[in-house]
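Data block for target.txt (compact mmCIF, C-alpha atoms and all ligand atoms):
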# COMPACT_ATOMS: atom_id res chain seq x y z
CA ALA M 20 -39.77 -261.69 3.39
CA SER M 21 -39.51 -265.35 2.49
CA SER M 22 -37.85 -264.73 -0.89
CA PHE M 23 -34.80 -263.39 0.96
CA ARG M 24 -32.32 -265.39 2.98
CA ILE M 25 -29.97 -264.28 5.78
CA ALA M 26 -26.83 -266.38 6.08
CA PRO M 27 -24.80 -265.39 9.15
CA SER M 28 -21.10 -266.01 8.65
CA LEU M 29 -19.65 -268.14 11.42
CA LEU M 30 -16.32 -266.40 10.82
CA SER M 31 -17.39 -263.76 13.34
CA ALA M 32 -18.81 -266.24 15.88
CA ASP M 33 -17.12 -267.10 19.17
CA PHE M 34 -15.22 -270.25 18.20
CA ALA M 35 -14.75 -271.27 21.82
CA ARG M 36 -18.50 -271.87 22.00
CA LEU M 37 -19.40 -272.52 18.40
CA GLY M 38 -22.24 -274.95 19.06
CA GLU M 39 -24.11 -272.45 21.21
CA GLU M 40 -23.52 -269.72 18.63
CA VAL M 41 -25.08 -271.93 15.95
CA ASP M 42 -28.08 -272.72 18.16
CA HIS M 43 -28.63 -269.06 19.04
CA VAL M 44 -28.27 -267.72 15.54
CA ILE M 45 -30.72 -270.29 14.17
CA ALA M 46 -33.19 -269.62 16.99
CA SER M 47 -32.85 -265.93 16.16
CA GLY M 48 -34.12 -266.42 12.62
CA ALA M 49 -31.09 -267.17 10.45
CA ASP M 50 -32.05 -269.03 7.29
CA TRP M 51 -28.67 -270.50 6.41
CA LEU M 52 -25.23 -270.85 8.00
CA HIS M 53 -22.38 -269.38 5.94
CA PHE M 54 -19.17 -271.34 6.43
CA ASP M 55 -15.94 -269.61 5.35
CA VAL M 56 -13.07 -271.90 4.42
CA MET M 57 -9.67 -270.19 4.01
CA ASP M 58 -6.39 -271.92 3.23
CA ASN M 59 -3.61 -269.30 3.62
CA HIS M 60 -2.92 -269.73 -0.08
CA TYR M 61 -5.87 -268.43 -2.08
CA VAL M 62 -6.49 -265.90 0.71
CA PRO M 63 -4.09 -264.72 3.44
CA ASN M 64 -5.95 -266.30 6.34
CA LEU M 65 -6.63 -269.77 7.72
CA THR M 66 -9.95 -270.93 9.13
CA ILE M 67 -12.00 -274.08 9.38
CA GLY M 68 -12.42 -277.30 7.45
CA PRO M 69 -14.70 -280.33 7.02
CA LEU M 70 -14.19 -281.51 10.59
CA VAL M 71 -15.87 -278.39 11.96
CA CYS M 72 -18.63 -278.60 9.37
CA GLN M 73 -19.30 -282.17 10.46
CA ALA M 74 -19.36 -281.10 14.10
CA ILE M 75 -22.07 -278.48 13.59
CA ARG M 76 -24.13 -280.50 11.09
CA PRO M 77 -26.23 -282.31 13.76
CA LEU M 78 -27.18 -279.01 15.42
CA THR M 79 -29.52 -277.74 12.71
CA LYS M 80 -31.43 -278.61 9.57
CA ALA M 81 -30.62 -275.16 8.15
CA PRO M 82 -28.62 -275.28 4.92
CA ILE M 83 -24.86 -274.97 5.38
CA ASP M 84 -23.45 -272.67 2.69
CA VAL M 85 -19.77 -273.54 2.30
CA HIS M 86 -17.69 -270.75 0.77
CA LEU M 87 -14.38 -272.20 -0.38
CA MET M 88 -11.56 -269.68 -0.50
CA VAL M 89 -9.03 -272.35 -1.34
CA GLU M 90 -6.75 -273.36 -4.19
CA PRO M 91 -6.93 -276.01 -5.53
CA VAL M 92 -10.62 -276.71 -4.95
CA ASP M 93 -11.58 -280.21 -6.05
CA ALA M 94 -10.19 -282.41 -3.27
CA LEU M 95 -12.25 -280.59 -0.66
CA VAL M 96 -15.57 -281.01 -2.47
CA PRO M 97 -16.33 -284.63 -1.50
CA MET M 98 -15.01 -283.97 1.99
CA PHE M 99 -17.45 -281.10 2.57
CA ALA M 100 -20.29 -283.03 0.96
CA LYS M 101 -19.70 -285.88 3.43
CA ALA M 102 -19.45 -283.35 6.26
CA GLY M 103 -22.99 -282.17 5.51
CA ALA M 104 -22.63 -279.13 3.24
CA ASN M 105 -25.76 -278.21 1.27
CA LEU M 106 -24.22 -275.63 -1.04
CA ILE M 107 -20.59 -275.31 -2.08
CA THR M 108 -19.25 -272.21 -3.80
CA PHE M 109 -15.73 -271.56 -5.09
CA HIS M 110 -13.76 -268.85 -6.86
CA PRO M 111 -13.32 -269.60 -10.57
CA GLU M 112 -9.69 -268.38 -10.58
CA ALA M 113 -8.88 -271.07 -8.03
CA SER M 114 -10.04 -273.98 -10.17
CA ARG M 115 -8.26 -275.01 -13.34
CA HIS M 116 -11.45 -276.53 -14.77
CA VAL M 117 -14.45 -274.57 -13.59
CA ASP M 118 -17.07 -276.64 -15.41
CA ARG M 119 -15.63 -279.85 -13.98
CA THR M 120 -15.61 -278.50 -10.42
CA LEU M 121 -19.25 -277.38 -10.71
CA GLN M 122 -20.21 -280.84 -11.96
CA LEU M 123 -18.20 -282.44 -9.16
CA ILE M 124 -20.15 -280.46 -6.56
CA ARG M 125 -23.47 -281.59 -8.03
CA ASP M 126 -22.27 -285.18 -8.39
CA ASN M 127 -21.58 -285.05 -4.67
CA GLY M 128 -25.20 -284.09 -4.00
CA CYS M 129 -24.72 -280.39 -3.24
CA GLN M 130 -25.88 -277.22 -4.92
CA ALA M 131 -23.10 -275.37 -6.73
CA GLY M 132 -22.09 -271.75 -7.08
CA LEU M 133 -19.36 -269.44 -8.36
CA VAL M 134 -17.91 -266.60 -6.30
CA PHE M 135 -16.84 -263.35 -7.95
CA ASN M 136 -14.21 -261.16 -6.32
CA PRO M 137 -14.68 -257.38 -6.71
CA THR M 138 -12.64 -257.36 -9.93
CA THR M 139 -13.57 -260.78 -11.31
CA PRO M 140 -15.64 -260.35 -14.48
CA LEU M 141 -19.14 -261.79 -14.50
CA ASP M 142 -18.24 -263.40 -17.84
CA TYR M 143 -16.99 -266.37 -15.83
CA MET M 144 -20.61 -267.48 -15.58
CA ASP M 145 -21.03 -267.76 -19.35
CA TYR M 146 -21.26 -271.36 -20.60
CA VAL M 147 -21.91 -272.78 -17.11
CA MET M 148 -25.29 -271.22 -16.30
CA ASP M 149 -26.98 -274.62 -16.41
CA LYS M 150 -24.62 -275.86 -13.70
CA LEU M 151 -25.11 -272.92 -11.32
CA ASP M 152 -27.54 -272.87 -8.43
CA MET M 153 -26.13 -269.64 -6.99
CA VAL M 154 -23.88 -266.74 -7.88
CA LEU M 155 -22.03 -265.04 -5.03
CA LEU M 156 -20.66 -261.53 -5.43
CA MET M 157 -17.95 -260.52 -3.00
CA SER M 158 -18.48 -256.97 -1.79
CA ILE M 159 -15.06 -256.95 -0.10
CA ASN M 160 -11.72 -258.58 -0.86
CA PRO M 161 -12.01 -262.05 0.65
CA GLY M 162 -9.98 -263.10 3.66
CA PHE M 163 -11.37 -261.24 6.64
CA GLY M 164 -14.63 -260.27 8.27
CA GLY M 165 -15.39 -256.75 9.38
CA GLN M 166 -14.42 -254.90 6.18
CA SER M 167 -16.48 -252.16 4.52
CA PHE M 168 -18.88 -252.84 1.66
CA LEU M 169 -17.37 -251.74 -1.68
CA PRO M 170 -19.83 -249.46 -3.54
CA SER M 171 -18.68 -250.91 -6.89
CA THR M 172 -20.76 -253.94 -5.89
CA TYR M 173 -24.05 -252.10 -6.61
CA PRO M 174 -23.71 -251.81 -10.40
CA LYS M 175 -22.21 -255.29 -10.49
CA LEU M 176 -25.22 -256.68 -8.64
CA ARG M 177 -27.55 -254.99 -11.12
CA ALA M 178 -25.57 -256.50 -14.00
CA ALA M 179 -25.66 -259.96 -12.44
CA ARG M 180 -29.39 -259.60 -11.71
CA ALA M 181 -30.04 -258.80 -15.38
CA ARG M 182 -28.11 -261.87 -16.53
CA LEU M 183 -29.86 -264.16 -14.06
CA ASP M 184 -33.30 -262.77 -14.91
CA ALA M 185 -32.65 -263.27 -18.63
CA TYR M 186 -31.56 -266.82 -17.92
CA GLU M 187 -34.67 -267.45 -15.84
CA ARG M 188 -36.90 -266.17 -18.65
CA ASP M 189 -35.24 -268.58 -21.09
CA SER M 190 -34.87 -271.62 -18.87
CA GLY M 191 -37.56 -271.25 -16.21
CA ARG M 192 -34.86 -271.91 -13.63
CA ARG M 193 -33.93 -269.43 -10.91
CA ILE M 194 -30.32 -268.98 -9.78
CA LEU M 195 -29.82 -267.33 -6.40
CA LEU M 196 -27.77 -264.13 -6.10
CA GLU M 197 -25.84 -263.87 -2.86
CA VAL M 198 -23.68 -261.01 -1.57
CA ASP M 199 -20.86 -261.35 0.97
CA GLY M 200 -18.94 -258.67 2.86
CA GLY M 201 -19.87 -255.56 4.79
CA VAL M 202 -23.61 -256.26 4.77
CA LYS M 203 -25.22 -254.29 7.62
CA VAL M 204 -28.69 -253.34 8.80
CA ASP M 205 -28.29 -249.92 7.22
CA ASN M 206 -27.26 -251.04 3.70
CA ILE M 207 -29.12 -254.32 3.24
CA ALA M 208 -32.21 -252.70 1.72
CA GLU M 209 -30.16 -250.95 -0.95
CA ILE M 210 -28.27 -254.19 -1.64
CA ALA M 211 -31.61 -255.97 -2.07
CA ARG M 212 -32.83 -253.27 -4.46
CA ALA M 213 -29.70 -253.85 -6.57
CA GLY M 214 -30.81 -257.46 -6.98
CA ALA M 215 -29.41 -259.67 -4.22
CA ASP M 216 -31.72 -262.21 -2.61
CA THR M 217 -29.31 -263.93 -0.21
CA PHE M 218 -27.22 -262.02 2.33
CA VAL M 219 -24.14 -263.09 4.21
CA ALA M 220 -23.57 -261.10 7.39
CA GLY M 221 -20.78 -261.85 9.81
CA SER M 222 -19.72 -258.99 12.04
CA ALA M 223 -23.15 -257.32 11.74
CA VAL M 224 -24.86 -260.33 13.32
CA PHE M 225 -22.31 -261.67 15.78
CA GLY M 226 -20.74 -258.30 16.66
CA ALA M 227 -24.08 -256.72 17.54
CA ALA M 228 -24.97 -259.57 19.84
CA LYS M 229 -21.67 -259.40 21.68
CA ALA M 230 -22.38 -255.76 22.38
CA GLU M 231 -25.73 -256.76 23.87
CA ASP M 232 -25.92 -259.23 26.72
CA ALA M 233 -26.78 -262.89 26.27
CA HIS M 234 -25.73 -263.54 22.67
CA ARG M 235 -29.18 -262.93 21.26
CA TYR M 236 -29.31 -262.24 17.56
CA ASP M 237 -33.06 -261.70 17.13
CA SER M 238 -33.07 -257.94 16.84
CA VAL M 239 -30.34 -257.60 14.25
CA ILE M 240 -31.65 -260.44 12.10
CA ALA M 241 -35.19 -259.08 12.35
CA ALA M 242 -33.91 -255.64 11.34
CA MET M 243 -32.45 -257.19 8.18
C1 LIG E 301 -14.71 -262.96 4.05
C2 LIG E 301 -15.87 -263.90 4.17
C3 LIG E 301 -17.13 -263.30 4.66
C4 LIG E 301 -17.03 -262.59 5.99
C5 LIG E 301 -18.02 -261.47 5.98
O1 LIG E 301 -13.78 -263.43 3.13
O2 LIG E 301 -16.16 -264.53 2.92
O3 LIG E 301 -18.15 -264.30 4.69
O4 LIG E 301 -17.28 -263.40 7.10
O5 LIG E 301 -17.91 -260.78 7.16
P1 LIG E 301 -18.59 -259.35 7.37
O6 LIG E 301 -20.08 -259.56 7.25
O7 LIG E 301 -18.15 -258.97 8.72
O8 LIG E 301 -18.08 -258.46 6.28
ZN ZN E 302 -17.93 -265.88 2.86

Please rewrite the model in this file as structure tokens.
Ligand code: DX5
Ligand code: ZN
Amino acid sequence: ASSFRIAPSLLSADFARLGEEVDHVIASGADWLHFDVMDNHYVPNLTIGPLVCQAIRPLTKAPIDVHLMVEPVDALVPMFAKAGANLITFHPEASRHVDRTLQLIRDNGCQAGLVFNPTTPLDYMDYVMDKLDMVLLMSINPGFGGQSFLPSTYPKLRAARARLDAYERDSGRRILLEVDGGVKVDNIAEIARAGADTFVAGSAVFGAAKAEDAHRYDSVIAAM
């Protein structure tokens, strides 16, 4: 349905042929591209930066959803904005001044969001609701694709949904609720019922296609 978005995570794509992977996943019905940035400091892994974002930007008009798993955050914000990011999310523990970083993202022309690790309290969103376009709940510990969805995410999603609905009733403004980690064809409906409207899926999308033949992602995305 159109009120839901699927954001395949490029983390599980074949990096030797990234451009083709982007083309195929968009042609297969992906709504967004999820772009995982890891710095070997905030998380124990190292991935891709603004240069790669800039390289894929001309391939699609689909929103690029940049998930910053980096510390510190601020210096990368203008770099990703220039590289064509549409949304930029970051982990509140990784920024010394969360309100300032959210404002910086918007001042750079992007939508802004906070990411909550499995044990990060939702209270971090208090006082900054007006500066949030999206809330992202991690359903795994960040750093790697292919991990299992943590069931503790379900009640947390319901709690976040309640907060965002209350805010929407007061303000008339809708904040998206995204979930990231272990999202599969067989749990996405339950995740949606708990309140998520935007779904990151890495290994589910790219892994399934590798198992098939010609890197087609239609069937798995359609099944979501
Ligand atoms: C992990 C990343 C996720 C990851 C999800 O830290 O933020 O976006 O790619 O991968 P799957 O869908 O395989 O759990
Ligand atoms: Zn991510």

Which residues are close to range 192-203 of chain M, i.e. within 7 Å by all atoms listed in the file, leaving aside same-chain residues fewer than 5 positions away? Reply as a short mmCIF file (atom, residue, chain, number, x, y, z; two decimals) with C-alpha atoms, keeping the file's coordinate frame.
data_model
loop_
_atom_site.label_atom_id
_atom_site.label_comp_id
_atom_site.auth_asym_id
_atom_site.auth_seq_id
_atom_site.Cartn_x
_atom_site.Cartn_y
_atom_site.Cartn_z
CA LEU M 151 -25.11 -272.92 -11.32
CA ASP M 152 -27.54 -272.87 -8.43
CA MET M 153 -26.13 -269.64 -6.99
CA VAL M 154 -23.88 -266.74 -7.88
CA LEU M 155 -22.03 -265.04 -5.03
CA LEU M 156 -20.66 -261.53 -5.43
CA MET M 157 -17.95 -260.52 -3.00
CA SER M 158 -18.48 -256.97 -1.79
CA ILE M 159 -15.06 -256.95 -0.10
CA GLY M 165 -15.39 -256.75 9.38
CA GLN M 166 -14.42 -254.90 6.18
CA SER M 167 -16.48 -252.16 4.52
CA PHE M 168 -18.88 -252.84 1.66
CA LEU M 183 -29.86 -264.16 -14.06
CA GLU M 187 -34.67 -267.45 -15.84
CA ALA M 215 -29.41 -259.67 -4.22
CA ASP M 216 -31.72 -262.21 -2.61
CA THR M 217 -29.31 -263.93 -0.21
CA PHE M 218 -27.22 -262.02 2.33
CA VAL M 219 -24.14 -263.09 4.21
CA ALA M 220 -23.57 -261.10 7.39
CA ALA M 223 -23.15 -257.32 11.74
#

Pick from M:Ala181, M:Val56, M:Leu78, M:Ile25, whichever lies nearest to Val204 in chain M using all atoms listed in the file: M:Ile25

Environment of ligand ZN 302 (chain E) within 7 Å, counting only C-alpha atoms and all ligand atoms, reported as a ChimeraX atom specification: /M:28,53-55,86,199,219

Surrounding residues of Asp42 in chain M excluding itself and chain neighbours under 6 positions, 10 Å, all atoms listed in the file, as number ranges by chain: M: 49, 75, 78-79

Pairwise distance for atom O5 of ligand LIG 301 (chain E) and CA of Val96 in chain M, rounded to one decimal in Å: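 If I compute the distance from atom O5 of ligand LIG 301 (chain E) to CA of Val96 in chain M, I get 22.5 Å.
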
Between CA of Asp189 in chain M and CA of Val134 in chain M - distance in Å to one decimal: 22.9 Å

For ligand LIG 301 (chain E), the nearest of the candidates M:Thr120, M:Ser190, M:Asn160, M:Ser22, counting only C-alpha atoms and all ligand atoms: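 So, comparing all the options, the nearest one is M:Asn160.
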
Residue nearest ligand LIG 301 (chain E) - candidates M:Val44, M:Val89, M:Ala35, M:Ala213, atoms counted: all atoms listed in the file: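 When distances to ligand LIG 301 (chain E) are compared using all atoms listed in the file, the smallest one comes from M:Val89.
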
Residue neighbourhood Phe109 in chain M, 9 Å, all atoms listed in the file, exclusion window fewer than 2 positions, as a PyMOL selection string: chain M and resi 85-89+92+107+111-114+120-121+131-135

Shell around Ala242 in chain M at 12 Å using all atoms listed in the file, local window under 4 positions removed, as a list in words: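 Counting only the stated atoms, we get Ala20, Ile25, Ser47, Gly48, Ala49, Lys203, Val204, Asp205, Asn206, Ile207, Ala208, Ala223, Val224, Ala227, Tyr236, Asp237 and Ser238 of chain M.
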
Nearest-residue call for ligand LIG 301 (chain E), choices M:His110, M:Arg182, M:Arg115, M:Arg235, using all atoms listed in the file: M:His110

Residue with smallest distance to ligand LIG 301 (chain E) - pool M:Met148, M:Val117, M:Ile124, M:Leu169, counting all atoms listed in the file: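 The shortest atom-to-atom distance to ligand LIG 301 (chain E) comes from M:Leu169.
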
Neighbour list for Ala102 in chain M as a PyMOL selection string, cut-off 6 Å, all atoms listed in the file, skip fewer than 6 positions in-chain: chain M and resi 69+72-73

Taking all atoms of range 140-154 of chain M that appear in the file, build a box with edges along x, y and z, extend it by 6 Å on every side, and state its centre and edge lengths in Å to one decimal, as lines of an AutoDock Vina configuration file.
center_x = -21.6
center_y = -268.1
center_z = -13.8
size_x = 23.9
size_y = 27.5
size_z = 25.6

Å distance separating CA of Arg76 in chain M from CA of Asp33 in chain M, one decimal place: 17.1 Å
